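Source file: my_file06.cif (mmCIF, C-alpha atoms)
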```
data_model
#
loop_
_atom_site.label_atom_id
_atom_site.label_comp_id
_atom_site.auth_asym_id
_atom_site.auth_seq_id
_atom_site.Cartn_x
_atom_site.Cartn_y
_atom_site.Cartn_z
CA MET A 1 2.55 15.61 -10.72
CA LYS A 2 6.16 16.74 -10.52
CA VAL A 3 8.22 16.70 -7.33
CA GLY A 4 11.79 17.85 -7.92
CA LYS A 5 13.11 15.62 -10.67
CA LEU A 6 10.38 13.06 -9.97
CA ASN A 7 7.64 13.20 -12.58
CA LEU A 8 4.63 10.96 -11.88
CA SER A 9 2.50 9.86 -14.82
CA SER A 10 -0.57 9.05 -12.73
CA LYS A 11 -2.40 10.47 -9.72
CA ALA A 12 -2.81 6.92 -8.35
CA LEU A 13 0.08 5.67 -6.21
CA VAL A 14 0.78 2.40 -4.37
CA ALA A 15 1.19 2.55 -0.60
CA PRO A 16 3.94 0.55 1.09
CA MET A 17 2.38 -2.55 2.69
CA ALA A 18 4.22 -5.11 4.80
CA GLU A 19 4.19 -8.61 3.29
CA VAL A 20 2.40 -7.26 0.20
CA THR A 21 4.35 -4.73 -1.88
CA ASP A 22 7.06 -7.06 -3.06
CA ALA A 23 8.44 -7.08 -6.61
CA PRO A 24 5.62 -9.19 -8.15
CA PHE A 25 2.92 -7.00 -6.63
CA ARG A 26 4.67 -3.82 -7.73
CA GLN A 27 5.03 -5.11 -11.29
CA ILE A 28 1.32 -5.90 -11.53
CA CYS A 29 0.43 -2.42 -10.28
CA ARG A 30 2.78 -0.76 -12.76
CA GLU A 31 1.34 -2.78 -15.64
CA PHE A 32 -2.11 -1.41 -14.80
CA GLY A 33 -0.92 2.19 -14.57
CA ALA A 34 0.26 3.02 -11.05
CA GLY A 35 2.25 6.25 -11.03
CA LEU A 36 4.59 5.24 -8.20
CA THR A 37 5.15 2.09 -6.16
CA PHE A 38 6.85 1.57 -2.82
CA THR A 39 8.94 -1.19 -1.38
CA GLN A 40 7.74 -2.65 1.88
CA MET A 41 8.38 -0.59 4.99
CA VAL A 42 11.95 -1.22 6.13
CA SER A 43 13.82 -0.48 9.34
CA ALA A 44 16.51 2.19 9.04
CA LYS A 45 18.46 0.41 11.77
CA GLY A 46 18.08 -2.85 9.86
CA ILE A 47 19.72 -1.28 6.82
CA VAL A 48 22.60 0.10 8.88
CA VAL A 49 23.34 -3.24 10.57
CA ASN A 50 22.91 -5.14 7.27
CA SER A 51 19.89 -7.17 8.39
CA PHE A 52 19.12 -9.71 5.66
CA ASP A 53 15.35 -9.23 5.95
CA SER A 54 15.67 -5.44 5.77
CA LEU A 55 17.96 -5.50 2.75
CA LYS A 56 15.70 -8.02 0.99
CA ALA A 57 12.58 -5.89 1.63
CA LEU A 58 14.06 -2.77 0.03
CA ALA A 59 15.56 -4.46 -3.03
CA PHE A 60 14.25 -3.22 -6.37
CA SER A 61 15.38 -3.20 -9.98
CA ARG A 62 16.04 -0.25 -12.25
CA SER A 63 13.06 -1.27 -14.39
CA GLU A 64 10.74 -0.54 -11.46
CA LYS A 65 11.39 3.18 -11.39
CA PRO A 66 9.83 5.43 -10.28
CA ILE A 67 9.86 3.75 -6.90
CA GLY A 68 9.94 4.91 -3.30
CA VAL A 69 11.44 3.43 -0.15
CA GLN A 70 9.71 3.86 3.20
CA LEU A 71 11.84 3.92 6.34
CA LEU A 72 10.84 3.14 9.90
CA ALA A 73 13.01 5.14 12.29
CA ASN A 74 13.06 7.35 15.37
CA ASN A 75 16.79 8.03 15.50
CA PRO A 76 18.28 10.72 13.23
CA ASP A 77 21.69 9.03 13.16
CA TYR A 78 20.26 5.74 11.95
CA ILE A 79 18.10 7.48 9.37
CA GLN A 80 21.03 9.44 7.96
CA LYS A 81 23.25 6.36 7.79
CA ALA A 82 20.45 4.35 6.18
CA ILE A 83 19.93 6.99 3.51
CA GLN A 84 23.64 6.98 2.73
CA GLU A 85 23.32 3.24 2.11
CA LEU A 86 20.23 3.82 -0.03
CA LYS A 87 21.56 6.60 -2.24
CA PRO A 88 23.62 4.35 -4.55
CA LEU A 89 20.39 2.44 -5.30
CA LYS A 90 18.85 5.73 -6.53
CA PRO A 91 15.31 5.49 -5.17
CA ASP A 92 13.03 8.22 -6.51
CA LEU A 93 11.54 9.05 -3.12
CA ILE A 94 12.41 8.30 0.51
CA ASP A 95 9.51 8.30 2.97
CA LEU A 96 9.38 8.30 6.77
CA ASN A 97 6.65 6.18 8.31
CA CYS A 98 4.73 8.13 10.95
CA GLY A 99 1.48 6.34 10.28
CA CYS A 100 1.84 2.69 11.31
CA SER A 101 -0.34 2.19 14.39
CA VAL A 102 0.21 -1.50 15.17
CA ALA A 103 1.39 -2.16 18.70
CA ALA A 104 4.52 -4.02 17.56
CA VAL A 105 5.69 -0.71 16.05
CA THR A 106 4.33 1.97 18.39
CA ARG A 107 5.54 0.30 21.58
CA HIS A 108 9.07 0.95 20.32
CA GLU A 109 8.16 4.64 19.81
CA LEU A 110 8.18 4.23 16.04
CA GLY A 111 5.58 4.87 13.36
CA ALA A 112 2.48 6.73 14.56
CA SER A 113 3.93 7.24 18.05
CA ILE A 114 6.14 9.98 16.54
CA LEU A 115 2.97 12.06 16.09
CA ASP A 116 3.17 12.83 19.82
CA ASN A 117 6.68 14.26 19.55
CA PRO A 118 6.78 17.19 17.11
CA VAL A 119 10.37 18.08 18.05
CA LEU A 120 11.56 14.59 17.13
CA LEU A 121 9.47 14.68 13.95
CA GLY A 122 11.20 17.88 12.82
CA THR A 123 14.62 16.49 13.70
CA LEU A 124 14.01 13.33 11.69
CA VAL A 125 12.74 15.18 8.63
CA LYS A 126 15.70 17.58 8.68
CA ALA A 127 18.12 14.66 9.03
CA MET A 128 16.48 13.00 6.03
CA LYS A 129 16.67 16.15 3.95
CA ASP A 130 20.31 16.79 4.80
CA SER A 131 21.30 13.24 3.95
CA ALA A 132 19.09 12.67 0.89
CA GLU A 133 20.20 15.88 -0.86
CA GLU A 134 18.49 15.86 -4.30
CA ILE A 135 16.31 12.81 -3.63
CA PRO A 136 12.82 14.02 -2.61
CA ILE A 137 11.71 13.04 0.87
CA SER A 138 8.20 12.60 2.24
CA VAL A 139 6.37 11.63 5.42
CA LYS A 140 3.30 9.43 5.78
CA ILE A 141 1.29 10.66 8.72
CA ARG A 142 -2.02 10.22 10.53
CA LEU A 143 -4.32 12.88 11.97
CA GLY A 144 -3.03 12.50 15.52
CA LYS A 145 -3.11 10.21 18.53
CA ASP A 146 -6.92 10.20 18.81
CA LYS A 147 -9.93 12.46 18.24
CA ASN A 148 -8.96 14.57 21.25
CA ASN A 149 -5.37 14.97 20.09
CA LEU A 150 -5.45 16.03 16.43
CA SER A 151 -1.94 17.23 15.63
CA ILE A 152 -2.13 17.04 11.84
CA LEU A 153 -1.89 20.77 11.07
CA LYS A 154 1.04 21.42 13.41
CA ASN A 155 2.88 18.28 12.34
CA THR A 156 2.51 18.88 8.62
CA GLU A 157 3.77 22.44 9.04
CA ILE A 158 6.84 20.98 10.77
CA ILE A 159 7.26 18.46 7.97
CA GLU A 160 7.21 21.17 5.30
CA LYS A 161 9.42 23.55 7.29
CA ASN A 162 12.14 20.92 7.67
CA GLY A 163 12.43 20.15 3.98
CA ALA A 164 9.96 17.46 2.93
CA SER A 165 8.91 17.56 -0.72
CA LEU A 166 5.44 16.10 -0.12
CA VAL A 167 3.26 14.58 2.58
CA PHE A 168 0.99 11.53 2.61
CA ILE A 169 -2.04 11.80 4.90
CA HIS A 170 -3.91 8.77 6.18
CA ALA A 171 -7.10 10.45 7.32
CA ARG A 172 -7.53 8.44 10.52
CA THR A 173 -6.06 8.83 13.98
CA ARG A 174 -3.62 6.41 15.55
CA SER A 175 -6.41 4.94 17.71
CA ASP A 176 -8.92 4.48 14.86
CA SER A 177 -9.66 1.01 13.57
CA TYR A 178 -10.37 0.41 9.89
CA ALA A 179 -14.07 0.28 10.78
CA VAL A 180 -13.87 4.05 11.44
CA ASN A 181 -14.43 6.15 8.34
CA PRO A 182 -11.52 8.40 7.37
CA ASP A 183 -12.06 12.12 7.99
CA TRP A 184 -11.19 13.66 4.63
CA GLN A 185 -11.82 17.25 5.77
CA TRP A 186 -8.38 17.27 7.36
CA ILE A 187 -6.73 16.47 4.05
CA LYS A 188 -8.44 19.55 2.61
CA LYS A 189 -7.28 21.69 5.54
CA VAL A 190 -3.70 20.53 5.15
CA LYS A 191 -3.79 21.13 1.39
CA GLU A 192 -4.98 24.70 2.00
CA ASN A 193 -2.25 25.20 4.62
CA LEU A 194 0.82 23.87 2.78
CA SER A 195 2.67 24.69 -0.42
CA ILE A 196 4.09 21.17 -0.97
CA PRO A 197 1.97 18.45 -2.63
CA VAL A 198 -0.48 16.61 -0.39
CA ILE A 199 -1.43 12.99 -1.12
CA GLY A 200 -4.66 11.59 0.35
CA ASN A 201 -5.09 8.08 1.74
CA GLY A 202 -7.78 6.13 3.54
CA SER A 203 -10.53 3.69 2.45
CA LEU A 204 -10.03 4.10 -1.29
CA PHE A 205 -11.60 0.98 -2.78
CA GLU A 206 -13.24 2.19 -5.98
CA PRO A 207 -12.26 4.74 -8.66
CA SER A 208 -15.23 6.80 -7.48
CA ASP A 209 -13.70 6.97 -3.98
CA CYS A 210 -10.51 8.38 -5.48
CA ILE A 211 -12.33 10.91 -7.64
CA ASN A 212 -14.41 12.06 -4.66
CA LEU A 213 -11.29 12.48 -2.53
CA LEU A 214 -9.52 14.47 -5.23
CA ASN A 215 -12.55 16.70 -5.81
CA GLU A 216 -13.53 17.20 -2.17
CA THR A 217 -10.07 17.95 -0.79
CA GLY A 218 -8.08 19.32 -3.74
CA CYS A 219 -5.25 16.92 -2.89
CA ASP A 220 -2.68 16.32 -5.58
CA ALA A 221 -2.90 12.53 -5.81
CA VAL A 222 -4.20 9.46 -3.99
CA LEU A 223 -2.33 6.67 -2.22
CA LEU A 224 -4.06 3.29 -2.45
CA ALA A 225 -3.54 0.36 -0.10
CA ARG A 226 -6.22 -2.22 0.79
CA GLY A 227 -8.31 -1.22 -2.21
CA ILE A 228 -5.77 -2.61 -4.68
CA LEU A 229 -5.42 -6.05 -3.09
CA GLY A 230 -6.55 -8.36 -5.86
CA ASN A 231 -7.72 -5.25 -7.67
CA PRO A 232 -4.90 -3.58 -9.65
CA PHE A 233 -7.59 -2.80 -12.22
CA VAL A 234 -8.48 0.31 -10.22
CA PHE A 235 -5.39 2.06 -11.64
CA ARG A 236 -6.52 1.56 -15.24
CA ARG A 237 -10.05 2.62 -14.39
CA LEU A 238 -9.03 5.74 -12.47
CA ASN A 239 -6.52 6.85 -15.10
CA SER A 240 -9.17 6.43 -17.79
CA ILE A 241 -11.70 8.48 -15.84
CA ILE A 242 -9.17 11.29 -15.31
CA ASP A 243 -7.95 11.22 -18.93
CA THR A 244 -11.19 10.56 -20.83
CA GLY A 245 -14.07 10.76 -18.37
CA ARG A 246 -14.89 7.10 -19.09
CA ASP A 247 -14.70 4.18 -16.66
CA PRO A 248 -13.93 0.92 -18.51
CA GLY A 249 -15.40 -0.92 -15.53
CA PHE A 250 -14.34 -3.93 -13.53
CA PRO A 251 -13.01 -6.71 -15.77
CA ASP A 252 -14.77 -10.01 -16.40
CA VAL A 253 -13.71 -13.22 -14.70
CA ASP A 254 -11.48 -14.27 -17.61
CA GLU A 255 -9.32 -11.16 -17.32
CA VAL A 256 -9.21 -11.51 -13.55
CA LYS A 257 -8.06 -15.12 -13.98
CA LYS A 258 -5.41 -14.05 -16.50
CA THR A 259 -4.10 -11.39 -14.12
CA ALA A 260 -4.19 -13.69 -11.09
CA LEU A 261 -2.23 -16.39 -12.94
CA HIS A 262 0.27 -13.78 -14.16
CA HIS A 263 0.72 -12.56 -10.58
CA MET A 264 1.07 -16.16 -9.38
CA ASN A 265 3.80 -16.85 -11.93
CA LEU A 266 5.67 -13.70 -10.92
CA ILE A 267 5.60 -14.94 -7.32
CA ARG A 268 6.85 -18.31 -8.51
CA ARG A 269 9.75 -16.61 -10.29
CA ASP A 270 10.52 -14.46 -7.26
CA SER A 271 10.08 -16.98 -4.43
CA GLY A 272 10.43 -20.40 -6.02
CA ASP A 273 8.35 -23.56 -5.92
CA ILE A 274 8.80 -24.27 -2.21
CA ASN A 275 7.99 -20.93 -0.57
CA GLY A 276 5.99 -19.39 -3.41
CA PRO A 277 2.63 -21.19 -3.04
CA LYS A 278 2.15 -19.98 0.52
CA LYS A 279 2.87 -16.39 -0.54
CA ALA A 280 0.53 -16.66 -3.52
CA ARG A 281 -2.55 -17.90 -1.67
CA LYS A 282 -3.66 -14.62 -0.11
CA HIS A 283 -3.26 -12.74 -3.39
CA LEU A 284 -5.29 -15.33 -5.27
CA ILE A 285 -8.08 -15.16 -2.68
CA TRP A 286 -8.14 -11.37 -3.01
CA TYR A 287 -8.56 -11.64 -6.78
CA PHE A 288 -11.50 -14.02 -6.55
CA ARG A 289 -13.34 -12.31 -3.68
CA PHE A 290 -15.36 -10.41 -6.28
CA PHE A 291 -17.09 -13.55 -7.61
CA ASN A 292 -19.48 -16.22 -6.39
CA GLY A 293 -17.83 -19.21 -4.75
CA VAL A 294 -15.26 -17.22 -2.77
CA TYR A 295 -15.44 -19.44 0.31
CA GLU A 296 -15.26 -22.55 -1.85
CA PHE A 297 -12.17 -20.98 -3.42
CA ILE A 298 -10.63 -20.35 0.00
CA LYS A 299 -11.19 -23.93 1.07
CA GLY A 300 -9.82 -25.31 -2.18
CA ILE A 301 -6.73 -23.10 -2.50
CA PHE A 302 -5.47 -24.22 0.92
CA SER A 303 -5.78 -27.84 -0.15
CA VAL A 304 -3.20 -27.49 -2.95
CA ASP A 305 0.48 -26.83 -2.36
CA SER A 306 2.09 -26.53 -5.79
CA PHE A 307 1.82 -24.00 -8.59
CA PRO A 308 0.65 -26.50 -11.24
CA LEU A 309 -2.15 -27.70 -8.94
CA MET A 310 -3.05 -24.09 -8.12
CA GLU A 311 -3.37 -23.23 -11.80
CA GLU A 312 -5.51 -26.32 -12.42
CA PHE A 313 -7.73 -25.44 -9.46
CA ILE A 314 -8.12 -21.82 -10.63
CA ASN A 315 -9.10 -22.90 -14.14
CA GLU A 316 -11.73 -25.28 -12.75
CA HIS A 317 -13.02 -22.63 -10.34
CA VAL A 318 -13.45 -20.06 -13.10
CA GLU A 319 -15.38 -22.53 -15.25
CA LYS A 320 -17.74 -23.11 -12.33
CA ILE A 321 -18.23 -19.34 -11.96
CA LYS A 322 -19.02 -19.01 -15.66
CA ASN A 323 -21.46 -21.93 -15.45
CA ASN A 324 -23.20 -20.43 -12.40
CA SER A 325 -22.34 -23.49 -10.33
CA TYR A 326 -21.99 -21.53 -7.09
CA PRO A 327 -24.82 -19.98 -5.05
CA GLU A 328 -25.10 -16.20 -5.04
CA ALA A 329 -22.61 -14.77 -2.55
CA ASN A 330 -23.42 -12.04 -0.04
CA PHE A 331 -20.92 -9.53 -1.41
CA GLU A 332 -21.90 -6.83 1.10
CA ASN A 333 -20.79 -9.08 3.96
CA ILE A 334 -17.63 -10.10 2.11
CA LYS A 335 -16.80 -6.47 1.37
CA LYS A 336 -17.39 -5.46 5.00
CA SER A 337 -15.25 -8.34 6.27
CA PHE A 338 -12.45 -7.49 3.83
CA ASN A 339 -12.55 -3.77 4.58
CA GLU A 340 -12.12 -4.44 8.28
CA ARG A 341 -9.60 -7.28 7.91
CA VAL A 342 -7.92 -8.03 4.61
CA LEU A 343 -7.36 -11.65 5.69
CA PHE A 344 -11.12 -11.88 6.04
CA TRP A 345 -11.16 -15.67 5.87
CA ILE A 346 -9.25 -16.16 9.14
CA ASN A 347 -12.33 -16.98 11.20
CA GLU A 348 -13.72 -19.37 8.63
CA ASN A 349 -10.51 -21.36 8.17
CA LYS A 350 -8.44 -20.52 11.20
CA GLN A 351 -6.72 -23.85 11.41
CA GLU A 352 -5.38 -23.36 7.88
CA THR A 353 -4.32 -19.73 8.20
CA ASP A 354 -2.48 -19.46 11.49
CA ASN A 355 0.74 -18.77 9.63
CA TYR A 356 -0.56 -15.54 8.11
#
```
Could you show the structure in this file as structure tokens?
Amino acid sequence: MKVGKLNLSSKALVAPMAEVTDAPFRQICREFGAGLTFTQMVSAKGIVVNSFDSLKALAFSRSEKPIGVQLLANNPDYIQKAIQELKPLKPDLIDLNCGCSVAAVTRHELGASILDNPVLLGTLVKAMKDSAEEIPISVKIRLGKDKNNLSILKNTEIIEKNGASLVFIHARTRSDSYAVNPDWQWIKKVKENLSIPVIGNGSLFEPSDCINLLNETGCDAVLLARGILGNPFVFRRLNSIIDTGRDPGFPDVDEVKKTALHHMNLIRRDSGDINGPKKARKHLIWYFRFFNGVYEFIKGIFSVDSFPLMEEFINEHVEKIKNNSYPEANFENIKKSFNERVLFWINENKQETDNY
């Protein structure tokens, strides 16, 4: 897919995710064939006032291209000034978040709350376009406030009219929880209504989900989020299906271990030996949720606090999996728990996970 000078090699893209899409995560996704990654969502105001956390969240290297930056903003002045700061970094895409529905964001009239203000939405997109010049801009959007207030068609027309190069559609409303199935029909309606590329998003966990979304809606690409946590293998599988019609399947436990340890070492390089283990734990749990012994893994990984001990624990855990030392897990329950809450182990080990 080509958008201006941006040429994407894959129809599978990585969504921006807070506390997830850091440099190690993005590298893993690229290695398995993601066509585009995003930094974590970052405040436009934070960039303008030189907030350390904001500047750290949007940092990326030249080797990561193509890469997008997602901004959180509701003020056209801040968004223009932020883009002027971003331009020397040469991101390949600049996105406006109009999809985040968490209360900490919407109560400040940011994210999905902008869906209720089409005039502001148009002003923000035009300000982005004027400031970004040749850098493509996009908007990530939901269907509307709730089922009785579906503004997706009007809002996406405004987005296109004011200069966006593409639109990402999360096919849920602002009020929908993750337990609510996404309504893909609206992605199809938007695709039929716009001339710019339309990217579909929402409950894409398997390559088959992505293929079904592409076929049913005619969207140009898919944006993956929760489905790639501990599962970057979906990029390789989806690209293979599109290119050859063949699914190489989910990898065996040895390849998952190899990838998990690689990811862990990237986190170690990025965050160091003191802060790194805490950041690595959730990723390691996500990798091993596909195998028997997941709750034993959760309990054990929180009992070690150094990378060498983590690696030793992982090696021992994998040997137990291969030797069938764990009882058969109820993967339907694990999948349901994960799909509704990615930190699905909170209830089981609350005293050990309050910091997440």
Run the PyMOL selection byres ((chain A and resi 289) around 12) against the file shown and list the residues it catches, as a PyMOL selection string. chain A and resi 229-231+253+256-257+260+282-288+290-298+321+329-339+342-345
Using only C-alpha atoms, determine which residues lie at most 7 Å from segment 5-12 of chain A, disregarding the query and same-chain residues fewer than 5 positions distant; provide the list as a ChimeraX atom specification. /A:34-36,92,221-223,235,239
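From atom CA of Gly163 of chain A back to atom CA of Ala104 of chain A, the distance works out to 28.8 Å.
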Excluding segment 86-91 of chain A and residues on its chain fewer than 4 positions from it, collect all residues at most 8 Å away from it, counting only C-alpha atoms, and give them as an MDAnalysis selection string. chainID A and resid 65:69 82 132 135
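Note that the spacing between atom CA of Phe60 of chain A and atom CA of His263 of chain A amounts to 17.0 Å.
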Answer key for the PyMOL selection byres ((chain A and resi 248) around 12), residues as a short mmCIF file (atom, residue, chain, number, x, y, z; two decimals) with C-alpha atoms, in the frame of the given file:
```cif
data_model
loop_
_atom_site.label_atom_id
_atom_site.label_comp_id
_atom_site.auth_asym_id
_atom_site.auth_seq_id
_atom_site.Cartn_x
_atom_site.Cartn_y
_atom_site.Cartn_z
CA PRO A 207 -12.26 4.74 -8.66
CA PHE A 233 -7.59 -2.80 -12.22
CA VAL A 234 -8.48 0.31 -10.22
CA PHE A 235 -5.39 2.06 -11.64
CA ARG A 236 -6.52 1.56 -15.24
CA ARG A 237 -10.05 2.62 -14.39
CA LEU A 238 -9.03 5.74 -12.47
CA ASN A 239 -6.52 6.85 -15.10
CA SER A 240 -9.17 6.43 -17.79
CA ILE A 241 -11.70 8.48 -15.84
CA ILE A 242 -9.17 11.29 -15.31
CA ASP A 243 -7.95 11.22 -18.93
CA THR A 244 -11.19 10.56 -20.83
CA GLY A 245 -14.07 10.76 -18.37
CA ARG A 246 -14.89 7.10 -19.09
CA ASP A 247 -14.70 4.18 -16.66
CA GLY A 249 -15.40 -0.92 -15.53
CA PHE A 250 -14.34 -3.93 -13.53
CA PRO A 251 -13.01 -6.71 -15.77
CA ASP A 252 -14.77 -10.01 -16.40
#
```
Can you find the residues with an atom no farther than 8 Å from (-13.9, -25.5, -7.3), counting only C-alpha atoms, and report them as a PyMOL selection string? chain A and resi 293+296-297+300+313-314+316-318+320
Residues selected by the PyMOL selection byres ((chain A and resi 21) around 12), written as a compact mmCIF listing (two decimals) with C-alpha atoms, keeping the file's coordinate frame:
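So the final result, stored in result_19.txt, reads:
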```
# COMPACT_ATOMS: atom_id res chain seq x y z
CA VAL A 14 0.78 2.40 -4.37
CA ALA A 15 1.19 2.55 -0.60
CA PRO A 16 3.94 0.55 1.09
CA MET A 17 2.38 -2.55 2.69
CA ALA A 18 4.22 -5.11 4.80
CA GLU A 19 4.19 -8.61 3.29
CA VAL A 20 2.40 -7.26 0.20
CA ASP A 22 7.06 -7.06 -3.06
CA ALA A 23 8.44 -7.08 -6.61
CA PRO A 24 5.62 -9.19 -8.15
CA PHE A 25 2.92 -7.00 -6.63
CA ARG A 26 4.67 -3.82 -7.73
CA GLN A 27 5.03 -5.11 -11.29
CA ILE A 28 1.32 -5.90 -11.53
CA CYS A 29 0.43 -2.42 -10.28
CA ARG A 30 2.78 -0.76 -12.76
CA LEU A 36 4.59 5.24 -8.20
CA THR A 37 5.15 2.09 -6.16
CA PHE A 38 6.85 1.57 -2.82
CA THR A 39 8.94 -1.19 -1.38
CA GLN A 40 7.74 -2.65 1.88
CA MET A 41 8.38 -0.59 4.99
CA VAL A 42 11.95 -1.22 6.13
CA ALA A 57 12.58 -5.89 1.63
CA LEU A 58 14.06 -2.77 0.03
CA ALA A 59 15.56 -4.46 -3.03
CA PHE A 60 14.25 -3.22 -6.37
CA ILE A 67 9.86 3.75 -6.90
CA GLY A 68 9.94 4.91 -3.30
CA VAL A 69 11.44 3.43 -0.15
CA GLN A 70 9.71 3.86 3.20
CA LEU A 224 -4.06 3.29 -2.45
CA ALA A 225 -3.54 0.36 -0.10
CA ARG A 226 -6.22 -2.22 0.79
CA ILE A 228 -5.77 -2.61 -4.68
CA LEU A 229 -5.42 -6.05 -3.09
CA ILE A 267 5.60 -14.94 -7.32
CA LYS A 279 2.87 -16.39 -0.54
CA HIS A 283 -3.26 -12.74 -3.39
```
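If only C-alpha atoms are the atoms counted, then among A:Asp130, A:Glu64, A:Glu31, A:Glu206 the closest residue to Pro76 of chain A is A:Asp130.
Minimum atom-to-atom distances from A:Leu153, A:Ile211, A:Met264, A:Val48 to Leu194 of chain A were compared using only C-alpha atoms, and the lowest value belongs to A:Leu153.
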Leaving out Val139 of chain A and any residue of its chain fewer than 6 positions from it, which residues lie within 9 Å of it when counting only C-alpha atoms, given as a PyMOL selection string? chain A and resi 70+94-99+125+156+159+164-169
For segment 282-298 of chain A, where the input has fewer atoms than it should, I would like N, CA and C atoms rebuilt and written as an mmCIF file, in the coordinates of the input.
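Output (result_33.cif):
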```
data_model
loop_
_atom_site.group_PDB
_atom_site.id
_atom_site.type_symbol
_atom_site.label_atom_id
_atom_site.label_comp_id
_atom_site.auth_asym_id
_atom_site.auth_seq_id
_atom_site.Cartn_x
_atom_site.Cartn_y
_atom_site.Cartn_z
ATOM 1 N N LYS A 282 -2.852 -15.781 -0.497
ATOM 2 C CA LYS A 282 -3.660 -14.620 -0.110
ATOM 3 C C LYS A 282 -3.972 -13.735 -1.299
ATOM 4 N N HIS A 283 -3.018 -13.566 -2.209
ATOM 5 C CA HIS A 283 -3.260 -12.740 -3.390
ATOM 6 C C HIS A 283 -4.348 -13.357 -4.267
ATOM 7 N N LEU A 284 -4.294 -14.663 -4.431
ATOM 8 C CA LEU A 284 -5.290 -15.330 -5.270
ATOM 9 C C LEU A 284 -6.683 -15.212 -4.656
ATOM 10 N N ILE A 285 -6.781 -15.339 -3.346
ATOM 11 C CA ILE A 285 -8.080 -15.160 -2.680
ATOM 12 C C ILE A 285 -8.594 -13.742 -2.911
ATOM 13 N N TRP A 286 -7.708 -12.757 -2.788
ATOM 14 C CA TRP A 286 -8.140 -11.370 -3.010
ATOM 15 C C TRP A 286 -8.680 -11.170 -4.421
ATOM 16 N N TYR A 287 -8.069 -11.782 -5.411
ATOM 17 C CA TYR A 287 -8.560 -11.640 -6.780
ATOM 18 C C TYR A 287 -9.965 -12.212 -6.935
ATOM 19 N N PHE A 288 -10.235 -13.335 -6.305
ATOM 20 C CA PHE A 288 -11.500 -14.020 -6.550
ATOM 21 C C PHE A 288 -12.576 -13.692 -5.523
ATOM 22 N N ARG A 289 -12.322 -12.717 -4.634
ATOM 23 C CA ARG A 289 -13.340 -12.310 -3.680
ATOM 24 C C ARG A 289 -14.492 -11.560 -4.329
ATOM 25 N N PHE A 290 -14.333 -11.180 -5.576
ATOM 26 C CA PHE A 290 -15.360 -10.410 -6.280
ATOM 27 C C PHE A 290 -16.395 -11.308 -6.971
ATOM 28 N N PHE A 291 -16.239 -12.629 -6.867
ATOM 29 C CA PHE A 291 -17.090 -13.550 -7.610
ATOM 30 C C PHE A 291 -17.735 -14.572 -6.687
ATOM 31 N N ASN A 292 -18.845 -15.143 -7.148
ATOM 32 C CA ASN A 292 -19.480 -16.220 -6.390
ATOM 33 C C ASN A 292 -18.496 -17.355 -6.162
ATOM 34 N N GLY A 293 -18.690 -18.067 -5.059
ATOM 35 C CA GLY A 293 -17.830 -19.210 -4.750
ATOM 36 C C GLY A 293 -16.565 -18.848 -4.011
ATOM 37 N N VAL A 294 -16.502 -17.651 -3.400
ATOM 38 C CA VAL A 294 -15.260 -17.220 -2.770
ATOM 39 C C VAL A 294 -14.853 -18.143 -1.617
ATOM 40 N N TYR A 295 -15.816 -18.589 -0.819
ATOM 41 C CA TYR A 295 -15.440 -19.440 0.310
ATOM 42 C C TYR A 295 -15.078 -20.848 -0.148
ATOM 43 N N GLU A 296 -15.689 -21.293 -1.240
ATOM 44 C CA GLU A 296 -15.260 -22.550 -1.850
ATOM 45 C C GLU A 296 -13.831 -22.413 -2.391
ATOM 46 N N PHE A 297 -13.530 -21.238 -2.926
ATOM 47 C CA PHE A 297 -12.170 -20.980 -3.420
ATOM 48 C C PHE A 297 -11.170 -21.013 -2.262
ATOM 49 N N ILE A 298 -11.530 -20.371 -1.155
ATOM 50 C CA ILE A 298 -10.630 -20.350 0.000
ATOM 51 C C ILE A 298 -10.333 -21.761 0.478
#
```
